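A.B. asks: What follows is upload.pdb, made up of PDB, C-alpha atoms and all ligand atoms:
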```pdb
ATOM      1  CA  MET A  28     -18.975 106.940  -9.773  1.00  0.00           C
ATOM      2  CA  PHE A  29     -21.873 104.603 -10.646  1.00  0.00           C
ATOM      3  CA  ARG A  30     -20.514 104.158 -14.137  1.00  0.00           C
ATOM      4  CA  ARG A  31     -17.181 103.111 -12.685  1.00  0.00           C
ATOM      5  CA  LEU A  32     -18.919 100.612 -10.402  1.00  0.00           C
ATOM      6  CA  ARG A  33     -20.872  99.279 -13.345  1.00  0.00           C
ATOM      7  CA  HIS A  34     -17.651  98.777 -15.265  1.00  0.00           C
ATOM      8  CA  LEU A  35     -16.125  97.039 -12.263  1.00  0.00           C
ATOM      9  CA  ALA A  36     -19.145  94.754 -11.912  1.00  0.00           C
ATOM     10  CA  ALA A  37     -19.024  93.922 -15.629  1.00  0.00           C
ATOM     11  CA  ALA A  38     -15.316  93.152 -15.383  1.00  0.00           C
ATOM     12  CA  LEU A  39     -15.905  90.911 -12.367  1.00  0.00           C
ATOM     13  CA  LEU A  40     -18.677  89.105 -14.235  1.00  0.00           C
ATOM     14  CA  ILE A  41     -16.398  88.465 -17.203  1.00  0.00           C
ATOM     15  CA  VAL A  42     -13.556  87.224 -14.986  1.00  0.00           C
ATOM     16  CA  SER A  43     -15.784  84.862 -12.994  1.00  0.00           C
ATOM     17  CA  ALA A  44     -17.477  83.540 -16.153  1.00  0.00           C
ATOM     18  CA  GLY A  45     -14.027  82.921 -17.611  1.00  0.00           C
ATOM     19  CA  ALA A  46     -12.922  81.120 -14.451  1.00  0.00           C
ATOM     20  CA  PHE A  47     -16.050  78.980 -14.549  1.00  0.00           C
ATOM     21  CA  LEU A  48     -15.528  78.066 -18.202  1.00  0.00           C
ATOM     22  CA  TRP A  49     -11.862  77.276 -17.572  1.00  0.00           C
ATOM     23  CA  GLN A  50     -12.800  75.057 -14.645  1.00  0.00           C
ATOM     24  CA  ALA A  51     -15.496  73.311 -16.691  1.00  0.00           C
ATOM     25  CA  ALA A  52     -13.062  72.721 -19.555  1.00  0.00           C
ATOM     26  CA  SER A  53     -10.354  71.366 -17.275  1.00  0.00           C
ATOM     27  CA  THR A  54     -12.492  68.821 -15.430  1.00  0.00           C
ATOM     28  CA  PRO A  55     -12.545  65.228 -16.625  1.00  0.00           C
ATOM     29  CA  ARG A  56     -15.690  63.827 -18.165  1.00  0.00           C
ATOM     30  CA  VAL A  57     -16.241  60.182 -17.476  1.00  0.00           C
ATOM     31  CA  ASP A  58     -19.439  58.430 -18.535  1.00  0.00           C
ATOM     32  CA  GLY A  59     -21.202  61.794 -18.694  1.00  0.00           C
ATOM     33  CA  LEU A  60     -19.962  62.956 -15.289  1.00  0.00           C
ATOM     34  CA  SER A  61     -17.802  66.012 -14.844  1.00  0.00           C
ATOM     35  CA  ILE A  62     -15.683  65.859 -11.711  1.00  0.00           C
ATOM     36  CA  PRO A  63     -12.881  68.232 -10.678  1.00  0.00           C
ATOM     37  CA  GLU A  64      -9.789  66.224  -9.786  1.00  0.00           C
ATOM     38  CA  HIS A  65      -9.632  67.422  -6.176  1.00  0.00           C
ATOM     39  CA  VAL A  66     -13.264  66.421  -5.674  1.00  0.00           C
ATOM     40  CA  ALA A  67     -12.558  62.988  -7.173  1.00  0.00           C
ATOM     41  CA  TYR A  68      -9.681  62.625  -4.730  1.00  0.00           C
ATOM     42  CA  ILE A  69     -11.560  63.769  -1.667  1.00  0.00           C
ATOM     43  CA  ALA A  70     -14.587  61.703  -2.617  1.00  0.00           C
ATOM     44  CA  SER A  71     -12.532  58.677  -3.601  1.00  0.00           C
ATOM     45  CA  ASP A  72     -12.936  57.180  -0.180  1.00  0.00           C
ATOM     46  CA  LEU A  73     -16.274  58.571   0.893  1.00  0.00           C
ATOM     47  CA  ARG A  74     -17.726  55.084   1.027  1.00  0.00           C
ATOM     48  CA  GLY A  75     -14.890  54.021   3.206  1.00  0.00           C
ATOM     49  CA  ALA A  76     -14.866  56.459   5.979  1.00  0.00           C
ATOM     50  CA  ASN A  77     -12.894  53.993   7.976  1.00  0.00           C
ATOM     51  CA  ASP A  78     -15.010  54.423  10.902  1.00  0.00           C
ATOM     52  CA  ALA A  79     -16.044  51.728  13.230  1.00  0.00           C
ATOM     53  CA  TYR A  80     -18.853  50.913  10.820  1.00  0.00           C
ATOM     54  CA  CYS A  81     -16.537  49.811   7.999  1.00  0.00           C
ATOM     55  CA  MET A  82     -14.501  47.644  10.405  1.00  0.00           C
ATOM     56  CA  MET A  83     -17.704  46.194  11.746  1.00  0.00           C
ATOM     57  CA  ARG A  84     -18.746  45.283   8.228  1.00  0.00           C
ATOM     58  CA  LEU A  85     -15.401  43.527   7.687  1.00  0.00           C
ATOM     59  CA  GLU A  86     -15.956  41.522  10.871  1.00  0.00           C
ATOM     60  CA  LYS A  87     -19.439  40.553   9.739  1.00  0.00           C
ATOM     61  CA  LEU A  88     -18.159  39.559   6.308  1.00  0.00           C
ATOM     62  CA  ASP A  89     -15.571  37.309   7.968  1.00  0.00           C
ATOM     63  CA  ALA A  90     -12.400  39.061   6.813  1.00  0.00           C
ATOM     64  CA  ALA A  91      -9.027  38.546   8.518  1.00  0.00           C
ATOM     65  CA  TYR A  92      -7.490  42.022   8.597  1.00  0.00           C
ATOM     66  CA  THR A  93      -5.450  44.516  10.561  1.00  0.00           C
ATOM     67  CA  PRO A  94      -5.880  48.299  10.381  1.00  0.00           C
ATOM     68  CA  ALA A  95      -2.984  49.800   8.379  1.00  0.00           C
ATOM     69  CA  PRO A  96      -3.484  53.530   7.820  1.00  0.00           C
ATOM     70  CA  PHE A  97      -0.659  55.151   5.906  1.00  0.00           C
ATOM     71  CA  THR A  98       0.168  58.545   4.477  1.00  0.00           C
ATOM     72  CA  THR A  99       2.877  59.737   2.098  1.00  0.00           C
ATOM     73  CA  PRO A 100       4.431  63.142   1.371  1.00  0.00           C
ATOM     74  CA  SER A 101       2.512  63.160  -1.937  1.00  0.00           C
ATOM     75  CA  VAL A 102      -1.243  62.804  -2.476  1.00  0.00           C
ATOM     76  CA  CYS A 103      -0.886  59.020  -2.297  1.00  0.00           C
ATOM     77  CA  GLY A 104      -1.897  56.988   0.704  1.00  0.00           C
ATOM     78  CA  ASN A 105      -5.003  56.235   2.661  1.00  0.00           C
ATOM     79  CA  GLU A 106      -5.592  56.908   6.304  1.00  0.00           C
ATOM     80  CA  PHE A 107      -8.451  54.429   6.210  1.00  0.00           C
ATOM     81  CA  ALA A 108      -6.524  51.373   5.017  1.00  0.00           C
ATOM     82  CA  VAL A 109      -6.343  47.784   6.205  1.00  0.00           C
ATOM     83  CA  ARG A 110      -4.224  44.767   5.350  1.00  0.00           C
ATOM     84  CA  ALA A 111      -6.472  41.811   4.612  1.00  0.00           C
ATOM     85  CA  SER A 112      -5.071  38.284   4.443  1.00  0.00           C
ATOM     86  CA  ARG A 113      -8.420  36.580   3.990  1.00  0.00           C
ATOM     87  CA  ILE A 114     -11.775  37.697   2.709  1.00  0.00           C
ATOM     88  CA  GLY A 115     -14.527  35.255   3.587  1.00  0.00           C
ATOM     89  CA  GLY A 116     -13.322  31.874   2.323  1.00  0.00           C
ATOM     90  CA  ALA A 117     -10.612  33.267   0.018  1.00  0.00           C
ATOM     91  CA  LYS A 118      -7.042  34.060   1.010  1.00  0.00           C
ATOM     92  CA  LEU A 119      -5.024  36.954  -0.402  1.00  0.00           C
ATOM     93  CA  LYS A 120      -1.271  36.658  -0.794  1.00  0.00           C
ATOM     94  CA  ASN A 121       0.852  39.232   1.068  1.00  0.00           C
ATOM     95  CA  ALA A 122      -2.169  40.694   2.887  1.00  0.00           C
ATOM     96  CA  PRO A 123      -2.314  43.646   0.482  1.00  0.00           C
ATOM     97  CA  LEU A 124      -3.073  47.214   1.542  1.00  0.00           C
ATOM     98  CA  MET A 125      -6.652  48.147   0.794  1.00  0.00           C
ATOM     99  CA  SER A 126      -8.866  51.050   1.725  1.00  0.00           C
ATOM    100  CA  CYS A 127     -11.483  49.777   4.114  1.00  0.00           C
ATOM    101  CA  SER A 128     -14.158  50.446   1.494  1.00  0.00           C
ATOM    102  CA  LEU A 129     -12.252  48.352  -1.067  1.00  0.00           C
ATOM    103  CA  ALA A 130     -11.859  45.489   1.418  1.00  0.00           C
ATOM    104  CA  GLU A 131     -15.545  45.712   2.305  1.00  0.00           C
ATOM    105  CA  THR A 132     -16.586  45.664  -1.363  1.00  0.00           C
ATOM    106  CA  VAL A 133     -14.264  42.737  -2.153  1.00  0.00           C
ATOM    107  CA  ALA A 134     -15.768  40.902   0.822  1.00  0.00           C
ATOM    108  CA  GLU A 135     -19.341  41.494  -0.357  1.00  0.00           C
ATOM    109  CA  TRP A 136     -18.344  40.475  -3.899  1.00  0.00           C
ATOM    110  CA  GLU A 137     -16.620  37.303  -2.658  1.00  0.00           C
ATOM    111  CA  GLN A 138     -19.762  36.292  -0.816  1.00  0.00           C
ATOM    112  CA  ASP A 139     -22.467  37.360  -3.267  1.00  0.00           C
ATOM    113  CA  VAL A 140     -20.779  37.020  -6.680  1.00  0.00           C
ATOM    114  CA  LEU A 141     -17.498  35.095  -6.707  1.00  0.00           C
ATOM    115  CA  GLN A 142     -18.332  31.979  -4.676  1.00  0.00           C
ATOM    116  CA  PRO A 143     -21.831  31.465  -6.161  1.00  0.00           C
ATOM    117  CA  ALA A 144     -20.409  31.792  -9.720  1.00  0.00           C
ATOM    118  CA  ALA A 145     -17.556  29.362  -8.944  1.00  0.00           C
ATOM    119  CA  LEU A 146     -20.033  26.830  -7.566  1.00  0.00           C
ATOM    120  CA  GLU A 147     -22.356  27.251 -10.524  1.00  0.00           C
ATOM    121  CA  HIS A 148     -19.752  27.030 -13.289  1.00  0.00           C
ATOM    122  CA  LEU A 149     -16.984  24.945 -11.741  1.00  0.00           C
ATOM    123  CA  GLY A 150     -18.675  23.084  -8.886  1.00  0.00           C
ATOM    124  CA  LYS A 151     -15.973  24.316  -6.486  1.00  0.00           C
ATOM    125  CA  ARG A 152     -15.379  27.178  -4.101  1.00  0.00           C
ATOM    126  CA  VAL A 153     -12.541  29.697  -4.492  1.00  0.00           C
ATOM    127  CA  ARG A 154      -9.929  29.359  -1.762  1.00  0.00           C
ATOM    128  CA  ARG A 155      -7.478  31.990  -3.012  1.00  0.00           C
ATOM    129  CA  ILE A 156      -7.871  35.237  -4.962  1.00  0.00           C
ATOM    130  CA  GLN A 157      -4.672  35.865  -6.922  1.00  0.00           C
ATOM    131  CA  HIS A 158      -3.744  39.468  -7.504  1.00  0.00           C
ATOM    132  CA  LEU A 159      -1.069  41.635  -9.083  1.00  0.00           C
ATOM    133  CA  GLY A 160      -1.272  44.322  -6.414  1.00  0.00           C
ATOM    134  CA  THR A 161      -3.406  46.987  -4.821  1.00  0.00           C
ATOM    135  CA  TYR A 162      -1.532  50.103  -3.662  1.00  0.00           C
ATOM    136  CA  ASN A 163       0.748  51.818  -6.164  1.00  0.00           C
ATOM    137  CA  CYS A 164       1.478  55.561  -6.093  1.00  0.00           C
ATOM    138  CA  ARG A 165       1.005  56.334  -9.779  1.00  0.00           C
ATOM    139  CA  LYS A 166      -1.160  58.107 -12.321  1.00  0.00           C
ATOM    140  CA  ILE A 167      -3.703  56.366 -14.562  1.00  0.00           C
ATOM    141  CA  ARG A 168      -1.754  54.705 -17.365  1.00  0.00           C
ATOM    142  CA  GLY A 169      -1.831  57.032 -20.348  1.00  0.00           C
ATOM    143  CA  SER A 170      -2.937  60.056 -18.277  1.00  0.00           C
ATOM    144  CA  ALA A 171      -0.618  62.946 -17.527  1.00  0.00           C
ATOM    145  CA  ARG A 172      -2.865  64.372 -14.814  1.00  0.00           C
ATOM    146  CA  PHE A 173      -5.080  61.921 -13.040  1.00  0.00           C
ATOM    147  CA  MET A 174      -4.040  59.637 -10.231  1.00  0.00           C
ATOM    148  CA  SER A 175      -4.971  55.972 -10.438  1.00  0.00           C
ATOM    149  CA  GLN A 176      -7.227  54.651  -7.693  1.00  0.00           C
ATOM    150  CA  HIS A 177      -4.278  52.364  -6.914  1.00  0.00           C
ATOM    151  CA  ALA A 178      -2.603  55.494  -5.483  1.00  0.00           C
ATOM    152  CA  TYR A 179      -5.224  55.524  -2.699  1.00  0.00           C
ATOM    153  CA  ALA A 180      -5.303  51.724  -2.184  1.00  0.00           C
ATOM    154  CA  ASN A 181      -8.786  51.876  -3.672  1.00  0.00           C
ATOM    155  CA  ALA A 182      -8.118  49.303  -6.432  1.00  0.00           C
ATOM    156  CA  ILE A 183      -7.087  45.672  -6.787  1.00  0.00           C
ATOM    157  CA  ASP A 184      -5.873  43.875  -9.916  1.00  0.00           C
ATOM    158  CA  VAL A 185      -7.223  40.318  -9.771  1.00  0.00           C
ATOM    159  CA  SER A 186      -5.295  37.912 -12.009  1.00  0.00           C
ATOM    160  CA  GLY A 187      -6.978  34.614 -11.168  1.00  0.00           C
ATOM    161  CA  PHE A 188      -8.288  32.167  -8.601  1.00  0.00           C
ATOM    162  CA  VAL A 189      -7.264  28.924  -6.922  1.00  0.00           C
ATOM    163  CA  LEU A 190     -10.145  26.529  -6.282  1.00  0.00           C
ATOM    164  CA  ASP A 191     -10.740  24.147  -3.381  1.00  0.00           C
ATOM    165  CA  ASP A 192      -9.230  21.222  -5.296  1.00  0.00           C
ATOM    166  CA  GLY A 193      -6.095  23.216  -6.208  1.00  0.00           C
ATOM    167  CA  ALA A 194      -7.180  23.901  -9.810  1.00  0.00           C
ATOM    168  CA  ARG A 195      -6.230  27.357 -11.077  1.00  0.00           C
ATOM    169  CA  VAL A 196      -8.222  29.825 -13.138  1.00  0.00           C
ATOM    170  CA  SER A 197      -6.124  32.454 -14.934  1.00  0.00           C
ATOM    171  CA  VAL A 198      -7.619  35.607 -16.444  1.00  0.00           C
ATOM    172  CA  GLU A 199      -4.870  35.687 -19.081  1.00  0.00           C
ATOM    173  CA  ARG A 200      -5.083  32.012 -20.074  1.00  0.00           C
ATOM    174  CA  ASP A 201      -8.784  31.275 -19.612  1.00  0.00           C
ATOM    175  CA  TRP A 202     -10.715  34.495 -20.371  1.00  0.00           C
ATOM    176  CA  ALA A 203     -11.359  33.715 -24.045  1.00  0.00           C
ATOM    177  CA  ARG A 204     -11.626  29.938 -23.746  1.00  0.00           C
ATOM    178  CA  GLU A 205     -14.829  28.120 -24.571  1.00  0.00           C
ATOM    179  CA  ASP A 206     -14.755  25.955 -21.494  1.00  0.00           C
ATOM    180  CA  ALA A 207     -16.096  26.084 -17.938  1.00  0.00           C
ATOM    181  CA  LYS A 208     -13.251  28.301 -16.687  1.00  0.00           C
ATOM    182  CA  GLY A 209     -13.759  30.788 -19.521  1.00  0.00           C
ATOM    183  CA  ARG A 210     -17.508  30.835 -18.981  1.00  0.00           C
ATOM    184  CA  PHE A 211     -16.961  31.343 -15.233  1.00  0.00           C
ATOM    185  CA  LEU A 212     -14.672  34.348 -15.820  1.00  0.00           C
ATOM    186  CA  ARG A 213     -16.973  35.936 -18.379  1.00  0.00           C
ATOM    187  CA  ALA A 214     -20.031  35.311 -16.186  1.00  0.00           C
ATOM    188  CA  LEU A 215     -18.289  37.272 -13.412  1.00  0.00           C
ATOM    189  CA  LYS A 216     -18.118  40.442 -15.495  1.00  0.00           C
ATOM    190  CA  GLN A 217     -21.619  41.923 -15.177  1.00  0.00           C
ATOM    191  CA  PRO A 218     -22.217  41.210 -11.478  1.00  0.00           C
ATOM    192  CA  THR A 219     -18.670  42.413 -10.765  1.00  0.00           C
ATOM    193  CA  CYS A 220     -19.458  45.660 -12.591  1.00  0.00           C
ATOM    194  CA  ASP A 221     -22.513  45.994 -10.356  1.00  0.00           C
ATOM    195  CA  ALA A 222     -20.415  45.452  -7.225  1.00  0.00           C
ATOM    196  CA  PHE A 223     -17.514  47.826  -7.988  1.00  0.00           C
ATOM    197  CA  ASN A 224     -17.560  51.370  -9.333  1.00  0.00           C
ATOM    198  CA  VAL A 225     -14.972  50.538 -11.979  1.00  0.00           C
ATOM    199  CA  THR A 226     -14.445  47.073 -13.481  1.00  0.00           C
ATOM    200  CA  LEU A 227     -11.988  46.671 -16.356  1.00  0.00           C
ATOM    201  CA  THR A 228     -11.535  43.227 -17.938  1.00  0.00           C
ATOM    202  CA  PRO A 229      -9.566  41.900 -20.939  1.00  0.00           C
ATOM    203  CA  ASP A 230     -12.452  43.335 -23.021  1.00  0.00           C
ATOM    204  CA  LYS A 231     -11.083  46.812 -22.206  1.00  0.00           C
ATOM    205  CA  ASP A 232      -7.658  46.706 -23.877  1.00  0.00           C
ATOM    206  CA  ALA A 233      -4.327  44.887 -23.996  1.00  0.00           C
ATOM    207  CA  LEU A 234      -3.265  46.518 -20.716  1.00  0.00           C
ATOM    208  CA  HIS A 235      -5.939  44.428 -18.992  1.00  0.00           C
ATOM    209  CA  LYS A 236      -5.377  41.128 -20.815  1.00  0.00           C
ATOM    210  CA  ASN A 237      -4.170  39.411 -17.635  1.00  0.00           C
ATOM    211  CA  HIS A 238      -6.313  40.895 -14.866  1.00  0.00           C
ATOM    212  CA  PHE A 239      -9.545  42.474 -13.728  1.00  0.00           C
ATOM    213  CA  HIS A 240      -9.007  46.008 -12.414  1.00  0.00           C
ATOM    214  CA  LEU A 241     -11.602  46.559  -9.672  1.00  0.00           C
ATOM    215  CA  ASP A 242     -11.937  49.872  -7.848  1.00  0.00           C
ATOM    216  CA  VAL A 243     -14.226  51.807  -5.543  1.00  0.00           C
ATOM    217  CA  GLY A 244     -13.313  55.325  -6.727  1.00  0.00           C
ATOM    218  CA  LEU A 245     -15.908  57.914  -7.628  1.00  0.00           C
ATOM    219  CA  TRP A 246     -16.060  57.237 -11.359  1.00  0.00           C
ATOM    220  CA  ARG A 247     -18.039  54.438 -12.932  1.00  0.00           C
ATOM    221  CA  SER A 248     -16.952  52.256 -15.795  1.00  0.00           C
ATOM    222  CA  CYS A 249     -17.689  48.678 -16.918  1.00  0.00           C
ATOM    223  CA  LYS A 250     -15.554  47.377 -19.749  1.00  0.00           C
TER
HETATM  224 ZN    ZN B 301      -5.552  48.267 -11.718  1.00  0.00          ZN
END
```
Starting from the file, give its structure as structure tokens.
C.D. replies:
Amino acid sequence: MFRRLRHLAAALLIVSAGAFLWQAASTPRVDGLSIPEHVAYIASDLRGANDAYCMMRLEKLDAAYTPAPFTTPSVCGNEFAVRASRIGGAKLKNAPLMSCSLAETVAEWEQDVLQPAALEHLGKRVRRIQHLGTYNCRKIRGSARFMSQHAYANAIDVSGFVLDDGARVSVERDWAREDAKGRFLRALKQPTCDAFNVTLTPDKDALHKNHFHLDVGLWRSCK
């Protein structure tokens, strides 16, 4: 009887060790972190529990927004989303869908990073943030398994800026230039990395030659 139990216990041990190893092997490793996909999804909006506090922060940061929670039949969507048409002094075309945490982070970045850098390098304030989109129900480009943070409205692709005097700064045209606009864009990189969890610039690859991908997902990357 005891021998049978011992065999059963040994078998259970082997099965659970195997399950653990399988789980460990199937989780993504990003910058030394190992995160199961479902945890990454659930945690993707932890910062943005779209409670009254996040909305209050948006008010304080002078954002023009309306709550816009949305769900989909798939994993995409965000029940803590807003549509923001203006963040501080900068307008956003089409009032894009953003998780409240994304909107809050963009608002802090606009105030603490974007406007001071524009004043320092270009002597002007930014009146419009140009973007290629926020919400898009899709996987990470090149990944068969993992959803992009765009799928949760947790990411924005910023393609350029319009300044107070109407001058335009384009990530695609100006990033590599040795002039004030190029220096402004490149000077944004490090403080932008500090503000967002993931910041991908034209330094990353050709897929990002015309925009900054900024997201507030769980992973961290600065390229
Ligand atoms: Zn993106």
A.B. asks: Running the PyMOL selection byres (((not hetatm)) within 12 of (chain B and resi 301)) on this model by hand, what would come out? Give it as a ChimeraX atom specification.
C.D. replies: /A:158-168,174-186,225-229,231,234-244
A.B. asks: Could you name the residues that touch Glu137 (chain A) at 9 Å or less, counting only C-alpha atoms, but leaving out those on the same chain fewer than 5 positions away, as a list in words?
C.D. replies: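 In the requested form, the answer reads Ile114, Gly115, Gly116, Ala117, Thr132, Gln142, Pro143 and Val153 of chain A.
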A.B. asks: What separation in Å, quoted to one decimal, exists between CA of Leu124 (chain A) and CA of Val109 (chain A)?
C.D. replies: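 Result for CA of Leu124 (chain A) versus CA of Val109 (chain A): 5.7 Å, one decimal.
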A.B. asks: Can you list, as an mmCIF file with C-alpha atoms, in the frame of the given file, every protein, DNA or RNA residue that comes within 10 Å of Ala91 (chain A) when you count all atoms listed in the file, leaving out same-chain residues fewer than 5 positions away?
C.D. replies:
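Saved the output as selection03.cif:
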```
data_model
loop_
_atom_site.group_PDB
_atom_site.id
_atom_site.type_symbol
_atom_site.label_atom_id
_atom_site.label_comp_id
_atom_site.auth_asym_id
_atom_site.auth_seq_id
_atom_site.Cartn_x
_atom_site.Cartn_y
_atom_site.Cartn_z
ATOM 1 C CA LEU A 85 -15.401 43.527 7.687
ATOM 2 C CA GLU A 86 -15.956 41.522 10.871
ATOM 3 C CA VAL A 109 -6.343 47.784 6.205
ATOM 4 C CA ARG A 110 -4.224 44.767 5.350
ATOM 5 C CA ALA A 111 -6.472 41.811 4.612
ATOM 6 C CA SER A 112 -5.071 38.284 4.443
ATOM 7 C CA ARG A 113 -8.420 36.580 3.990
ATOM 8 C CA ILE A 114 -11.775 37.697 2.709
ATOM 9 C CA GLY A 115 -14.527 35.255 3.587
ATOM 10 C CA LYS A 118 -7.042 34.060 1.010
ATOM 11 C CA LEU A 119 -5.024 36.954 -0.402
ATOM 12 C CA ALA A 122 -2.169 40.694 2.887
#
```
A.B. asks: When you look at Asp192 (chain A) with a cut-off of 9 Å (counting only C-alpha atoms), what residues show up, excluding the ones that are within fewer than 6 positions of it in the same chain? I need them as a ChimeraX atom specification.
C.D. replies: /A:151-152,154
A.B. asks: Using the chain letters and numbers from the file, give me the residues hit by the PyMOL selection byres (((chain A and resi 126) around 6) and not hetatm), as a PDB file with C-alpha atoms, in the coordinates of the input.
C.D. replies:
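Contents of expr.pdb, as written:
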```pdb
ATOM      1  CA  PHE A 107      -8.451  54.429   6.210  1.00  0.00           C
ATOM      2  CA  ALA A 108      -6.524  51.373   5.017  1.00  0.00           C
ATOM      3  CA  MET A 125      -6.652  48.147   0.794  1.00  0.00           C
ATOM      4  CA  CYS A 127     -11.483  49.777   4.114  1.00  0.00           C
ATOM      5  CA  SER A 128     -14.158  50.446   1.494  1.00  0.00           C
ATOM      6  CA  LEU A 129     -12.252  48.352  -1.067  1.00  0.00           C
ATOM      7  CA  ALA A 180      -5.303  51.724  -2.184  1.00  0.00           C
ATOM      8  CA  ASN A 181      -8.786  51.876  -3.672  1.00  0.00           C
TER       9      ASN A 181
END
```
A.B. asks: With the PyMOL selection byres (((chain A and resi 203-207) around 10) and not hetatm) as the selection, what would be picked from this file? Answer as a ChimeraX atom specification, please.
C.D. replies: /A:145,147-150,196,198-202,208-213,229-230
A.B. asks: Could you tell me how far CA of Met82 (chain A) lies from CA of Val140 (chain A), in Å and to one decimal?
C.D. replies: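 Between CA of Met82 (chain A) and CA of Val140 (chain A) the gap works out to 21.1 Å.
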A.B. asks: Would you work out the distance separating CA of Asn224 (chain A) from CA of Asp139 (chain A), expressed in Å to one decimal?
C.D. replies: 16.0 Å
A.B. asks: Using only C-alpha atoms, which of the listed residues (A:Ala171, A:Leu88, A:Ala79, A:Leu146) sits closest to Val133 (chain A)?
C.D. replies: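 The shortest atom-to-atom distance to Val133 (chain A) comes from A:Leu88.
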A.B. asks: Restricting the calculation to all atoms listed in the file, which member of A:Gln138, A:Thr219, A:Asn121, A:Asn105 is positioned closest to Lys250 (chain A)?
C.D. replies: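 Answer, going by the shortest atom-to-atom distance: A:Thr219.
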A.B. asks: Step by step, gather every atom of region 143-156 of chain A that the file lists, find the box along x, y and z that holds them, add 5 Å on each side, and finally give centre and edge lengths in Å to one decimal, as lines of an AutoDock Vina configuration file.
C.D. replies:
```
center_x = -14.9
center_y = 29.2
center_z = -7.5
size_x = 24.9
size_y = 22.2
size_z = 21.5
```
